[in-house]
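S.K.: Structure below; questions to follow.
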Amino acid sequence: AAIISLPSALLFRIWGRRIVFLVGCALQVLAGVIGMFSIKYASIMGVLLSCFMAGLAQGLGQFYRFAATEVVKPSQKPFAVTLVLSGGVVSAFAGPLLAVHTSNLFAQLPTFFGSFLAVSVLGFFNGCCAAAVEYGEPAPAAD
């Protein structure tokens, strides 16, 4: 997540919020798919790549709180940030529970195959939500 934090400002400026958030969601979906195949075929390098890509996706997701303040009226900004940050707190509890409950979802497949599937499914639905938001124009570059 830290690796993407520095270039993310440039990415948002060039492509805008929607595209970069959708790239993050696509990274999450791809991370889950790579993770599923890596678990199935016992590829530690694949699992590492999957986790790296998931980290990049999470790093881009850290910017939702800024986007939330840009798409609401000024009087609603505190509430928007509260909702986004509260979602993070809920995710801190829900994520591990989801991993545990999906780890053996498919009896015939290796442990955590279902967890990586859940990562992909959540990334897909996250992308649907990110695509539905009307973001403002990218900020002009400072000269």
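All residue names refer to the structure tokens as shown: chains lettered A, B, ... in order, residues numbered from 1 in each chain, ligands numbered from 1 in order.
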Tell me, as a PyMOL selection string, which residues lie within 8 Å of Cys25 of chain A, counting only C-alpha atoms; anything in the same chain fewer than 5 positions away does not count.

M.R.: chain A and resi 57+123-124+126-127

S.K.: Leaving out segment 62-67 of chain A and any residue of its chain fewer than 4 positions from it, which residues lie within 8 Å of it when counting only C-alpha atoms, given as a list in words?

M.R.: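 Listed by chain and then number, they are Arg17, Gln58, Val71, Ala80, Val81, Val84, Leu85 and Tyr135 of chain A.
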
S.K.: For the selection you just gave me, I'd like the residues written to a file as an mmCIF file, in the first residue's frame, keeping C-alpha atoms.

M.R.:
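Dumped to part-v4.cif:
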```cif
data_model
loop_
_atom_site.group_PDB
_atom_site.id
_atom_site.type_symbol
_atom_site.label_atom_id
_atom_site.label_comp_id
_atom_site.auth_asym_id
_atom_site.auth_seq_id
_atom_site.Cartn_x
_atom_site.Cartn_y
_atom_site.Cartn_z
ATOM 1 C CA ARG A 17 -10.513 9.572 -9.609
ATOM 2 C CA GLN A 58 -5.683 -1.139 -0.787
ATOM 3 C CA VAL A 71 -18.579 14.770 -4.186
ATOM 4 C CA ALA A 80 -18.956 11.745 4.344
ATOM 5 C CA VAL A 81 -15.526 11.321 5.919
ATOM 6 C CA VAL A 84 -15.735 6.277 4.818
ATOM 7 C CA LEU A 85 -13.608 5.934 7.937
ATOM 8 C CA TYR A 135 -16.418 12.575 -9.444
#
```

S.K.: Calculated over only C-alpha atoms, which of the candidates A:Leu98, A:Leu60, A:Val133, A:Val33 has the smallest distance to Ile3 of chain A?

M.R.: A:Leu60

S.K.: Nearest to Cys128 of chain A among A:Arg18, A:Cys51, A:Asn104, A:Pro7, with distances taken over only C-alpha atoms: which residue is it?

M.R.: A:Arg18

S.K.: Can you check which residues of segment 19-130 of chain A DSSP gives as alpha helix (DSSP H) on the backbone and send them as a VMD selection string?

M.R.: chain A and resid 19 to 40 44 to 61 64 to 70 77 to 102 113 to 130

S.K.: What lies within 12 Å of Phe12 of chain A using only C-alpha atoms, ignoring chain neighbours under 2 positions off, as a VMD selection string?

M.R.: chain A and resid 4 to 10 14 to 24 60 63 to 64 66 to 67 135 to 141

S.K.: So, with only C-alpha atoms as the atoms that count, which of A:Gly35, A:Ala1, A:Ile44, A:Leu30 lies closest to Phe113 of chain A?

M.R.: A:Gly35

S.K.: Return the single residue from A:Ala68, A:Ala99, A:Leu83, A:Val47 that is closest to Val119 of chain A, with distances computed using only C-alpha atoms.

M.R.: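 Of A:Ala68, A:Ala99, A:Leu83, A:Val47, the one nearest Val119 of chain A, counting only C-alpha atoms, is A:Ala99.
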
S.K.: Using only C-alpha atoms, which of A:Ala2, A:Leu109, A:Leu97, A:Val121 sits nearest Ala31 of chain A?

M.R.: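 Under the stated criterion, the closest residue is A:Val121.
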
S.K.: Here is a test: counting only C-alpha atoms, which residue of A:Gly114, A:Gly87, A:Pro74, A:Gly61 is nearest to Ala130 of chain A?

M.R.: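 Under the stated criterion, the closest residue is A:Gly61.
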